[in-house]
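Trainee: Before anything else, here's the structure in question.
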Amino acid sequence: MKKLLVVMLVALLALLVVACGQEDGKTVAESKSETETKTETKKSTKVTVYSPHQAEIINPIVKEFQDRTKIEVELVTGGTGELLNRMKAESGNPLGDVFWGGGAESLAAFIENFEAYKVANDAEIADIYKSVDGSWTGFSALPMVIMYNKDMVKEDEVPQSWNALLDPKWKGKIAFADPAKSGSSYTQLVTMLFANQDDGAEGWDFVKNFVGNLDGKVLGGSSMVFKGVADGEFPIGVTLEEAAYRYISGGANVDVAYPEEGTSAVPDGMALIKGAKNKENAQQFLDFLASKDVQEIIVKEFNRRSILDDVAAPEGLIPSKDIPLVDYDFNWAADNQADVMKTFQDIIIGK
């Protein structure tokens with residue numbers, strides 16, 4: 001009888017241990033599930049933005065966005081080409097959420113790394129300032145100009161055309177950024193090709209002569225162009241209208257000319273990076289950039305032309321209709337970027 005009682009007690013204890021183990025296992029599983037659910041549903045409070053824009057443009061806009069939304073913006077800055085290639089290298093594990101800046105055709109060349117998204121006010125944006133498939137949206141319209149330092153260039157010597165840049169007196173005195181590192185410089189290069197496409201070599205004879213007049217001086221970034229001209233390191237340079245006008249409005253003794261053969265006004269772009277970990281915040285940031293509030297800020301504070309028709313051009317700039325424009329083939333510029341860059345690099349190294 002005593003032995004039977006011992007056996008029953010052992011069996012009962014065994015059952016209790018198993019039951020407790022099952023209950024503990026259930027509790028752990030449920031706890032794990034609840035933790036995962038909480039992690040998934042917890043709303044992100046940040047967005048990572050890759051941008052080649054200058055700090056004076058980025059900082060006030062980012063601050064306004066953060067103040068309004070309480071979403072923290074983590075910035076990664078650099079040249080357009082550098083950031084696009086970084087984004088591509090990270091495609092297996094995207095570390096960025098938004099790409100903000102750079103010529104739209106440069107973004108279009110990396111279309112496989114972007115996810116289609118139409119901003120909230122997409123209907124108010126002209127078709128020329130956005131992609132058909134929604135892979136990118138323009139941020140501002142950016143005419144390309146010849147910037148000159150009025151202390152170094154006499155009024156009757158101001159280059160009024162692309163061809164005037166070939167004058168031997170400007171040899172080694174032209175500020176121009178490497179198109180491999182600057183999206184705006186790539187746009188300028190393609191603009192020159194279109195403006196001189198009747199030179200017998202679809203513009204490349206002009207480019208060869210232009211590179212020869214640079215005399216080996218190809219700058220490492222677009223900011224070096226307008227700063228170099230404003231600081232007197234170069235008498236002339238090829239740059240963005242808005243960059244030059246920031247110096248003009250700031251009192252610098254510089255001015256711009258619009259090449260009479262025609263220039264371009266391709267927008268700088270913004271896009272949602274494919275696989276963005278903070279997708280909802282990224283979309284909110286893109287909506288903010290395209291909003292009328294921000295578009296009015298870029299006109300008033302940065303002398304940029306808006307992508308919205310109901311936002312007037314910056315004070316002091318000539319009307320958009322008065323700017324001579326080339327027939328800029330956006331799709332060609334995007335589809336042929338690799339070939340254009342190879343030909344340009346061959347010219348640089350003398351091949």
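Residues are named by chain letter and number: chains run A, B, ... in the order of the structure tokens, numbers start at 1 in each chain, and ligands are numbered from 1 in the order shown.
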Pick out the residues sitting within 6 Å of segment 165-173 of chain A, and hand them over as a list in words; count only C-alpha atoms, and ignore anything fewer than 4 positions along from it in its own chain.
Mentor: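 Here the answer would be Phe210, Asn213, Leu214, Asp215 and Phe234 of chain A.
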Trainee: Those residues you just picked out, can you put them in a file as a PDB file, in the first residue's frame with all heavy atoms?
Mentor:
ATOM      1  N   PHE A 210      35.322  72.178 -75.387  1.00  0.00           N
ATOM      2  CA  PHE A 210      35.020  72.715 -74.059  1.00  0.00           C
ATOM      3  C   PHE A 210      35.947  72.104 -73.007  1.00  0.00           C
ATOM      4  O   PHE A 210      36.524  72.814 -72.176  1.00  0.00           O
ATOM      5  CB  PHE A 210      33.558  72.436 -73.715  1.00  0.00           C
ATOM      6  CG  PHE A 210      33.170  72.833 -72.317  1.00  0.00           C
ATOM      7  CD1 PHE A 210      33.071  74.175 -71.953  1.00  0.00           C
ATOM      8  CD2 PHE A 210      32.904  71.860 -71.348  1.00  0.00           C
ATOM      9  CE1 PHE A 210      32.708  74.546 -70.656  1.00  0.00           C
ATOM     10  CE2 PHE A 210      32.540  72.219 -70.062  1.00  0.00           C
ATOM     11  CZ  PHE A 210      32.450  73.568 -69.710  1.00  0.00           C
ATOM     12  N   ASN A 213      39.276  73.536 -73.134  1.00  0.00           N
ATOM     13  CA  ASN A 213      39.373  74.871 -72.537  1.00  0.00           C
ATOM     14  C   ASN A 213      39.311  74.830 -71.010  1.00  0.00           C
ATOM     15  O   ASN A 213      39.663  75.804 -70.352  1.00  0.00           O
ATOM     16  CB  ASN A 213      38.267  75.783 -73.079  1.00  0.00           C
ATOM     17  CG  ASN A 213      38.805  77.118 -73.555  1.00  0.00           C
ATOM     18  OD1 ASN A 213      39.985  77.233 -73.898  1.00  0.00           O
ATOM     19  ND2 ASN A 213      37.971  78.146 -73.571  1.00  0.00           N
ATOM     20  N   LEU A 214      38.851  73.697 -70.444  1.00  0.00           N
ATOM     21  CA  LEU A 214      38.888  73.552 -68.984  1.00  0.00           C
ATOM     22  C   LEU A 214      40.330  73.385 -68.515  1.00  0.00           C
ATOM     23  O   LEU A 214      40.648  73.652 -67.355  1.00  0.00           O
ATOM     24  CB  LEU A 214      38.070  72.328 -68.549  1.00  0.00           C
ATOM     25  CG  LEU A 214      36.558  72.387 -68.773  1.00  0.00           C
ATOM     26  CD1 LEU A 214      35.913  71.063 -68.326  1.00  0.00           C
ATOM     27  CD2 LEU A 214      35.930  73.554 -68.012  1.00  0.00           C
ATOM     28  N   ASP A 215      41.177  72.921 -69.446  1.00  0.00           N
ATOM     29  CA  ASP A 215      42.613  72.778 -69.161  1.00  0.00           C
ATOM     30  C   ASP A 215      42.867  71.863 -67.954  1.00  0.00           C
ATOM     31  O   ASP A 215      43.704  72.162 -67.098  1.00  0.00           O
ATOM     32  CB  ASP A 215      43.234  74.149 -68.923  1.00  0.00           C
ATOM     33  CG  ASP A 215      44.761  74.148 -69.096  1.00  0.00           C
ATOM     34  OD1 ASP A 215      45.262  73.278 -69.823  1.00  0.00           O
ATOM     35  OD2 ASP A 215      45.430  75.000 -68.483  1.00  0.00           O
ATOM     36  N   PHE A 234      37.515  81.616 -59.931  1.00  0.00           N
ATOM     37  CA  PHE A 234      37.251  81.497 -61.364  1.00  0.00           C
ATOM     38  C   PHE A 234      36.427  82.702 -61.800  1.00  0.00           C
ATOM     39  O   PHE A 234      35.528  83.131 -61.073  1.00  0.00           O
ATOM     40  CB  PHE A 234      36.455  80.218 -61.666  1.00  0.00           C
ATOM     41  CG  PHE A 234      37.177  78.942 -61.389  1.00  0.00           C
ATOM     42  CD1 PHE A 234      37.104  78.338 -60.135  1.00  0.00           C
ATOM     43  CD2 PHE A 234      37.924  78.322 -62.382  1.00  0.00           C
ATOM     44  CE1 PHE A 234      37.753  77.148 -59.875  1.00  0.00           C
ATOM     45  CE2 PHE A 234      38.585  77.122 -62.131  1.00  0.00           C
ATOM     46  CZ  PHE A 234      38.506  76.537 -60.877  1.00  0.00           C
TER      47      PHE A 234
END
Trainee: What are the nearest atom pairs, with distances in Å to one decimal, for all residues of segment 257-303 of chain A that come at most 8 Å from segment 130-146 of chain A, using only C-alpha atoms, set out by chain and rising residue number as JSON lines?
Mentor:
{"residue": "A:Ala257", "atom": "CA", "partner": "A:Ile146", "partner_atom": "CA", "distance": 5.2}
{"residue": "A:Tyr258", "atom": "CA", "partner": "A:Val145", "partner_atom": "CA", "distance": 5.2}
{"residue": "A:Pro259", "atom": "CA", "partner": "A:Val145", "partner_atom": "CA", "distance": 6.9}
{"residue": "A:Thr263", "atom": "CA", "partner": "A:Met144", "partner_atom": "CA", "distance": 6.0}
{"residue": "A:Ser264", "atom": "CA", "partner": "A:Pro143", "partner_atom": "CA", "distance": 5.4}
{"residue": "A:Ala265", "atom": "CA", "partner": "A:Pro143", "partner_atom": "CA", "distance": 3.9}
{"residue": "A:Val266", "atom": "CA", "partner": "A:Leu142", "partner_atom": "CA", "distance": 5.7}
{"residue": "A:Pro267", "atom": "CA", "partner": "A:Ala141", "partner_atom": "CA", "distance": 4.3}
{"residue": "A:Asp268", "atom": "CA", "partner": "A:Gly138", "partner_atom": "CA", "distance": 5.6}
{"residue": "A:Gly269", "atom": "CA", "partner": "A:Gly138", "partner_atom": "CA", "distance": 4.3}
{"residue": "A:Met270", "atom": "CA", "partner": "A:Thr137", "partner_atom": "CA", "distance": 5.5}
{"residue": "A:Ala271", "atom": "CA", "partner": "A:Trp136", "partner_atom": "CA", "distance": 4.7}
{"residue": "A:Leu272", "atom": "CA", "partner": "A:Ser135", "partner_atom": "CA", "distance": 7.5}
{"residue": "A:Leu289", "atom": "CA", "partner": "A:Phe139", "partner_atom": "CA", "distance": 6.9}
{"residue": "A:Ala290", "atom": "CA", "partner": "A:Phe139", "partner_atom": "CA", "distance": 6.5}
{"residue": "A:Gln295", "atom": "CA", "partner": "A:Ser140", "partner_atom": "CA", "distance": 7.9}
Trainee: Taking the backbone alone, and naming residues the way the document does, which bits of segment 49-264 of chain A are strand (DSSP E) by DSSP, as a PyMOL selection string?
Mentor: chain A and resi 49-51+72-77+98-103+114-115+137-141+144-149+174-175+236-240+254-257
Trainee: Considering only C-alpha atoms, can you say which of A:Pro60, A:Gly262, A:Gly203, A:Pro94 comes closest to Leu325 of chain A?
Mentor: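 For Leu325 of chain A, the nearest of the candidates is A:Gly262.
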Trainee: I'd like the neighbourhood of Gln284 of chain A as a list in words, where a residue qualifies if any of its atoms comes within 9 Å (using only C-alpha atoms), though same-chain residues fewer than 6 positions away should be ignored.
Mentor: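 Near neighbours after the sequence-gap exclusion: Thr69, Val119 and Ala120 of chain A.
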Trainee: Would you write out those residues with C-alpha atoms, as a PDB file, in the first residue's frame?
Mentor:
ATOM      1  CA  THR A  69       5.445  66.162 -37.502  1.00  0.00           C
ATOM      2  CA  VAL A 119       2.630  62.888 -53.711  1.00  0.00           C
ATOM      3  CA  ALA A 120      -0.601  64.173 -52.207  1.00  0.00           C
TER       4      ALA A 120
END
Trainee: Residues within 12 Å of Phe344 of chain A, please, as a PDB file with N, CA and C atoms, in the first residue's frame. Count only C-alpha atoms; anything in the same chain fewer than 6 positions from it doesn't count.
Mentor:
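The new file result-v5.pdb reads:
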ATOM      1  N   ASP A 178      32.596  67.696 -62.145  1.00  0.00           N
ATOM      2  CA  ASP A 178      32.650  66.371 -62.754  1.00  0.00           C
ATOM      3  C   ASP A 178      31.235  65.785 -62.837  1.00  0.00           C
ATOM      4  N   PRO A 179      30.735  65.496 -64.042  1.00  0.00           N
ATOM      5  CA  PRO A 179      29.382  64.938 -64.189  1.00  0.00           C
ATOM      6  C   PRO A 179      29.212  63.586 -63.508  1.00  0.00           C
ATOM      7  N   ALA A 180      30.317  62.899 -63.225  1.00  0.00           N
ATOM      8  CA  ALA A 180      30.232  61.612 -62.541  1.00  0.00           C
ATOM      9  C   ALA A 180      29.903  61.787 -61.069  1.00  0.00           C
ATOM     10  N   SER A 185      25.708  68.749 -62.991  1.00  0.00           N
ATOM     11  CA  SER A 185      26.741  68.848 -64.021  1.00  0.00           C
ATOM     12  C   SER A 185      26.442  67.898 -65.182  1.00  0.00           C
ATOM     13  N   TYR A 186      25.879  66.737 -64.868  1.00  0.00           N
ATOM     14  CA  TYR A 186      25.483  65.829 -65.945  1.00  0.00           C
ATOM     15  C   TYR A 186      24.406  66.478 -66.805  1.00  0.00           C
ATOM     16  N   LEU A 189      26.044  68.940 -69.054  1.00  0.00           N
ATOM     17  CA  LEU A 189      26.742  68.278 -70.150  1.00  0.00           C
ATOM     18  C   LEU A 189      25.765  67.894 -71.260  1.00  0.00           C
ATOM     19  N   VAL A 190      24.648  67.279 -70.892  1.00  0.00           N
ATOM     20  CA  VAL A 190      23.660  66.869 -71.894  1.00  0.00           C
ATOM     21  C   VAL A 190      23.025  68.092 -72.554  1.00  0.00           C
ATOM     22  N   LEU A 193      25.238  69.168 -75.235  1.00  0.00           N
ATOM     23  CA  LEU A 193      25.135  68.275 -76.393  1.00  0.00           C
ATOM     24  C   LEU A 193      23.929  68.639 -77.250  1.00  0.00           C
ATOM     25  N   GLY A 203      27.107  67.085 -81.049  1.00  0.00           N
ATOM     26  CA  GLY A 203      27.484  67.877 -79.881  1.00  0.00           C
ATOM     27  C   GLY A 203      28.822  67.521 -79.275  1.00  0.00           C
ATOM     28  N   TRP A 204      29.381  66.382 -79.639  1.00  0.00           N
ATOM     29  CA  TRP A 204      30.615  65.939 -78.994  1.00  0.00           C
ATOM     30  C   TRP A 204      31.842  66.725 -79.429  1.00  0.00           C
ATOM     31  N   ASP A 205      31.838  67.289 -80.653  1.00  0.00           N
ATOM     32  CA  ASP A 205      32.960  68.149 -81.060  1.00  0.00           C
ATOM     33  C   ASP A 205      33.018  69.375 -80.158  1.00  0.00           C
ATOM     34  N   PHE A 206      31.846  69.930 -79.849  1.00  0.00           N
ATOM     35  CA  PHE A 206      31.805  71.070 -78.932  1.00  0.00           C
ATOM     36  C   PHE A 206      32.342  70.661 -77.564  1.00  0.00           C
ATOM     37  N   VAL A 207      31.882  69.511 -77.061  1.00  0.00           N
ATOM     38  CA  VAL A 207      32.308  69.067 -75.733  1.00  0.00           C
ATOM     39  C   VAL A 207      33.821  68.854 -75.692  1.00  0.00           C
ATOM     40  N   LYS A 208      34.395  68.291 -76.747  1.00  0.00           N
ATOM     41  CA  LYS A 208      35.852  68.097 -76.794  1.00  0.00           C
ATOM     42  C   LYS A 208      36.574  69.434 -76.670  1.00  0.00           C
ATOM     43  N   ASN A 209      36.090  70.425 -77.391  1.00  0.00           N
ATOM     44  CA  ASN A 209      36.712  71.754 -77.326  1.00  0.00           C
ATOM     45  C   ASN A 209      36.497  72.404 -75.960  1.00  0.00           C
ATOM     46  N   PHE A 210      35.322  72.178 -75.387  1.00  0.00           N
ATOM     47  CA  PHE A 210      35.020  72.715 -74.059  1.00  0.00           C
ATOM     48  C   PHE A 210      35.947  72.104 -73.007  1.00  0.00           C
ATOM     49  N   VAL A 211      36.101  70.783 -73.058  1.00  0.00           N
ATOM     50  CA  VAL A 211      36.999  70.104 -72.114  1.00  0.00           C
ATOM     51  C   VAL A 211      38.428  70.602 -72.289  1.00  0.00           C
ATOM     52  N   GLY A 212      38.816  70.825 -73.534  1.00  0.00           N
ATOM     53  CA  GLY A 212      40.153  71.363 -73.774  1.00  0.00           C
ATOM     54  C   GLY A 212      40.337  72.720 -73.123  1.00  0.00           C
ATOM     55  N   VAL A 218      38.618  69.978 -63.656  1.00  0.00           N
ATOM     56  CA  VAL A 218      37.260  69.471 -63.473  1.00  0.00           C
ATOM     57  C   VAL A 218      37.054  69.334 -61.972  1.00  0.00           C
ATOM     58  N   GLN A 337      22.783  57.610 -70.015  1.00  0.00           N
ATOM     59  CA  GLN A 337      23.719  58.206 -69.063  1.00  0.00           C
ATOM     60  C   GLN A 337      25.062  57.466 -69.026  1.00  0.00           C
ATOM     61  N   ALA A 338      25.030  56.164 -69.008  1.00  0.00           N
ATOM     62  CA  ALA A 338      26.279  55.397 -68.940  1.00  0.00           C
ATOM     63  C   ALA A 338      27.159  55.666 -70.161  1.00  0.00           C
ATOM     64  N   GLY A 350      41.861  61.781 -72.748  1.00  0.00           N
ATOM     65  CA  GLY A 350      42.511  61.951 -74.046  1.00  0.00           C
ATOM     66  C   GLY A 350      42.423  60.767 -74.980  1.00  0.00           C
ATOM     67  N   LYS A 351      41.462  59.877 -74.793  1.00  0.00           N
ATOM     68  CA  LYS A 351      41.288  58.731 -75.676  1.00  0.00           C
ATOM     69  C   LYS A 351      40.631  59.142 -76.988  1.00  0.00           C
TER      70      LYS A 351
END
Trainee: Which of segment 20-139 of chain A end up as alpha helix (DSSP H) when DSSP is run on this backbone - answer as an MDAnalysis selection string?
Mentor: chainID A and resid 20:41 55:69 80:89 104:108
Trainee: Mind writing the picked residues with N, CA and C atoms as a compact mmCIF listing (two decimals), in the first residue's frame?
Mentor:
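Writing done, so here's selection_17.txt:
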# COMPACT_ATOMS: atom_id res chain seq x y z
N CYS A 20 3.09 22.23 -16.03
CA CYS A 20 3.75 23.54 -15.82
C CYS A 20 4.63 23.90 -17.00
N GLY A 21 5.31 22.85 -17.51
CA GLY A 21 6.18 23.10 -18.66
C GLY A 21 5.37 23.56 -19.85
N GLN A 22 4.22 22.92 -20.08
CA GLN A 22 3.38 23.31 -21.22
C GLN A 22 2.84 24.72 -21.02
N GLU A 23 2.46 25.00 -19.77
CA GLU A 23 1.91 26.34 -19.50
C GLU A 23 2.99 27.40 -19.68
N ASP A 24 4.21 27.04 -19.15
CA ASP A 24 5.32 27.99 -19.32
C ASP A 24 5.64 28.19 -20.79
N GLY A 25 5.63 27.08 -21.54
CA GLY A 25 5.91 27.19 -22.98
C GLY A 25 4.87 28.04 -23.67
N LYS A 26 3.63 27.90 -23.30
CA LYS A 26 2.55 28.69 -23.89
C LYS A 26 2.71 30.16 -23.57
N THR A 27 3.07 30.38 -22.30
CA THR A 27 3.25 31.77 -21.86
C THR A 27 4.40 32.43 -22.62
N VAL A 28 5.51 31.69 -22.79
CA VAL A 28 6.65 32.23 -23.53
C VAL A 28 6.28 32.52 -24.96
N ALA A 29 5.55 31.57 -25.57
CA ALA A 29 5.15 31.76 -26.97
C ALA A 29 4.23 32.95 -27.12
N GLU A 30 3.25 33.01 -26.20
CA GLU A 30 2.32 34.14 -26.25
C GLU A 30 3.04 35.45 -26.02
N SER A 31 3.97 35.42 -25.07
CA SER A 31 4.73 36.64 -24.75
C SER A 31 5.55 37.08 -25.95
N LYS A 32 6.18 36.07 -26.61
CA LYS A 32 6.98 36.39 -27.79
C LYS A 32 6.12 36.98 -28.89
N SER A 33 4.93 36.36 -29.08
CA SER A 33 4.01 36.84 -30.11
C SER A 33 3.56 38.26 -29.83
N GLU A 34 3.25 38.52 -28.56
CA GLU A 34 2.81 39.86 -28.18
C GLU A 34 3.92 40.89 -28.40
N THR A 35 5.16 40.48 -28.07
CA THR A 35 6.30 41.39 -28.25
C THR A 35 6.49 41.71 -29.72
N GLU A 36 6.41 40.66 -30.57
CA GLU A 36 6.58 40.87 -32.00
C GLU A 36 5.49 41.78 -32.55
N THR A 37 4.26 41.55 -32.08
CA THR A 37 3.13 42.37 -32.55
C THR A 37 3.33 43.83 -32.17
N LYS A 38 3.78 44.02 -30.93
CA LYS A 38 4.01 45.40 -30.47
C LYS A 38 5.10 46.06 -31.30
N THR A 39 6.16 45.27 -31.62
CA THR A 39 7.27 45.81 -32.40
C THR A 39 6.80 46.20 -33.79
N GLU A 40 5.95 45.34 -34.39
CA GLU A 40 5.47 45.60 -35.74
C GLU A 40 4.53 46.80 -35.79
N THR A 41 3.73 46.94 -34.75
CA THR A 41 2.72 47.99 -34.78
C THR A 41 3.24 49.32 -34.22
N ALA A 55 23.54 72.59 -47.30
CA ALA A 55 22.99 72.70 -45.95
C ALA A 55 22.01 73.85 -45.81
N GLU A 56 22.27 74.97 -46.51
CA GLU A 56 21.40 76.13 -46.38
C GLU A 56 19.99 75.86 -46.91
N ILE A 57 19.85 74.87 -47.78
CA ILE A 57 18.54 74.48 -48.28
C ILE A 57 17.94 73.40 -47.37
N ILE A 58 18.74 72.43 -47.03
CA ILE A 58 18.26 71.30 -46.24
C ILE A 58 17.78 71.71 -44.85
N ASN A 59 18.62 72.45 -44.13
CA ASN A 59 18.37 72.68 -42.70
C ASN A 59 17.03 73.33 -42.37
N PRO A 60 16.66 74.46 -43.00
CA PRO A 60 15.38 75.08 -42.63
C PRO A 60 14.16 74.23 -43.00
N ILE A 61 14.24 73.51 -44.11
CA ILE A 61 13.12 72.68 -44.53
C ILE A 61 12.97 71.47 -43.60
N VAL A 62 14.09 70.85 -43.26
CA VAL A 62 14.06 69.72 -42.35
C VAL A 62 13.55 70.14 -40.98
N LYS A 63 14.01 71.30 -40.51
CA LYS A 63 13.57 71.78 -39.20
C LYS A 63 12.06 71.99 -39.17
N GLU A 64 11.53 72.57 -40.23
CA GLU A 64 10.08 72.81 -40.30
C GLU A 64 9.32 71.50 -40.30
N PHE A 65 9.82 70.52 -41.04
CA PHE A 65 9.16 69.21 -41.08
C PHE A 65 9.18 68.55 -39.71
N GLN A 66 10.32 68.60 -39.04
CA GLN A 66 10.44 67.98 -37.72
C GLN A 66 9.54 68.67 -36.70
N ASP A 67 9.46 70.01 -36.78
CA ASP A 67 8.62 70.76 -35.84
C ASP A 67 7.14 70.41 -36.04
N ARG A 68 6.74 70.22 -37.29
CA ARG A 68 5.33 69.95 -37.59
C ARG A 68 4.93 68.52 -37.29
N THR A 69 5.82 67.58 -37.57
CA THR A 69 5.44 66.16 -37.50
C THR A 69 6.02 65.41 -36.31
N THR A 80 25.53 63.71 -55.77
CA THR A 80 24.42 62.93 -56.32
C THR A 80 24.87 61.54 -56.74
N GLY A 81 25.93 61.47 -57.54
CA GLY A 81 26.42 60.18 -58.00
C GLY A 81 26.85 59.27 -56.86
N GLU A 82 27.54 59.86 -55.91
CA GLU A 82 28.00 59.10 -54.74
C GLU A 82 26.83 58.49 -53.98
N LEU A 83 25.80 59.29 -53.74
CA LEU A 83 24.65 58.82 -52.95
C LEU A 83 23.81 57.81 -53.73
N LEU A 84 23.66 58.02 -55.03
CA LEU A 84 22.89 57.07 -55.84
C LEU A 84 23.58 55.70 -55.86
N ASN A 85 24.89 55.72 -56.00
CA ASN A 85 25.63 54.45 -56.02
C ASN A 85 25.61 53.79 -54.64
N ARG A 86 25.64 54.58 -53.60
CA ARG A 86 25.54 54.03 -52.25
C ARG A 86 24.17 53.37 -52.07
N MET A 87 23.12 54.06 -52.51
CA MET A 87 21.77 53.51 -52.41
C MET A 87 21.67 52.19 -53.16
N LYS A 88 22.26 52.14 -54.34
CA LYS A 88 22.23 50.91 -55.14
C LYS A 88 22.96 49.78 -54.43
N ALA A 89 24.10 50.09 -53.84
CA ALA A 89 24.89 49.08 -53.13
C ALA A 89 24.14 48.54 -51.92
N ALA A 104 16.75 65.06 -62.19
CA ALA A 104 15.76 63.99 -62.29
C ALA A 104 16.19 62.87 -63.22
N GLU A 105 16.97 63.21 -64.27
CA GLU A 105 17.40 62.14 -65.17
C GLU A 105 18.43 61.25 -64.50
N SER A 106 19.17 61.79 -63.53
CA SER A 106 20.10 60.95 -62.77
C SER A 106 19.33 59.96 -61.92
N LEU A 107 18.23 60.41 -61.32
CA LEU A 107 17.38 59.51 -60.54
C LEU A 107 16.74 58.46 -61.45
N ALA A 108 16.32 58.91 -62.64
CA ALA A 108 15.66 57.98 -63.57
C ALA A 108 16.58 56.85 -63.99
Trainee: Between A:Phe226, A:Tyr50, A:Phe110, A:Phe99, which one has atoms that come closest to Leu75 of chain A, using only C-alpha atoms?
Mentor: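 With only C-alpha atoms as the atom set, the closest residue is A:Tyr50.
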Trainee: For Lys227 of chain A, please output as a VMD selection string all residues within 12 Å (counting only C-alpha atoms; exclusion window: fewer than 2 positions along the same chain).
Mentor: chain A and resid 54 147 to 149 175 to 177 219 221 to 225 229 to 240 243 to 248 252 254
Trainee: Go through A:Thr77, A:Asp97, A:Glu202, A:Lys43 one by one, measure the shortest atom-to-atom distance of each to Ala282 of chain A using only C-alpha atoms, and give the residue with the smallest value.
Mentor: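 Of A:Thr77, A:Asp97, A:Glu202, A:Lys43, the one nearest Ala282 of chain A, counting only C-alpha atoms, is A:Asp97.
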Trainee: Tell me, as a ChimeraX atom specification, which residues lie within 9 Å of Val76 of chain A, counting only C-alpha atoms; anything in the same chain fewer than 2 positions away does not count.
Mentor: /A:48-52,74,78,83,96
Trainee: Please measure the separation of atom CA of Gly250 of chain A and atom CA of Asn303 of chain A, giving the value in Å to one decimal.
Mentor: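 One can read the atom CA of Gly250 of chain A to atom CA of Asn303 of chain A distance as 11.1 Å.
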Trainee: What does the distance from atom CA of Ile349 of chain A to atom CA of Gly79 of chain A come to in Å, to one decimal?
Mentor: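 That distance, rounded to one decimal, is 21.9 Å.
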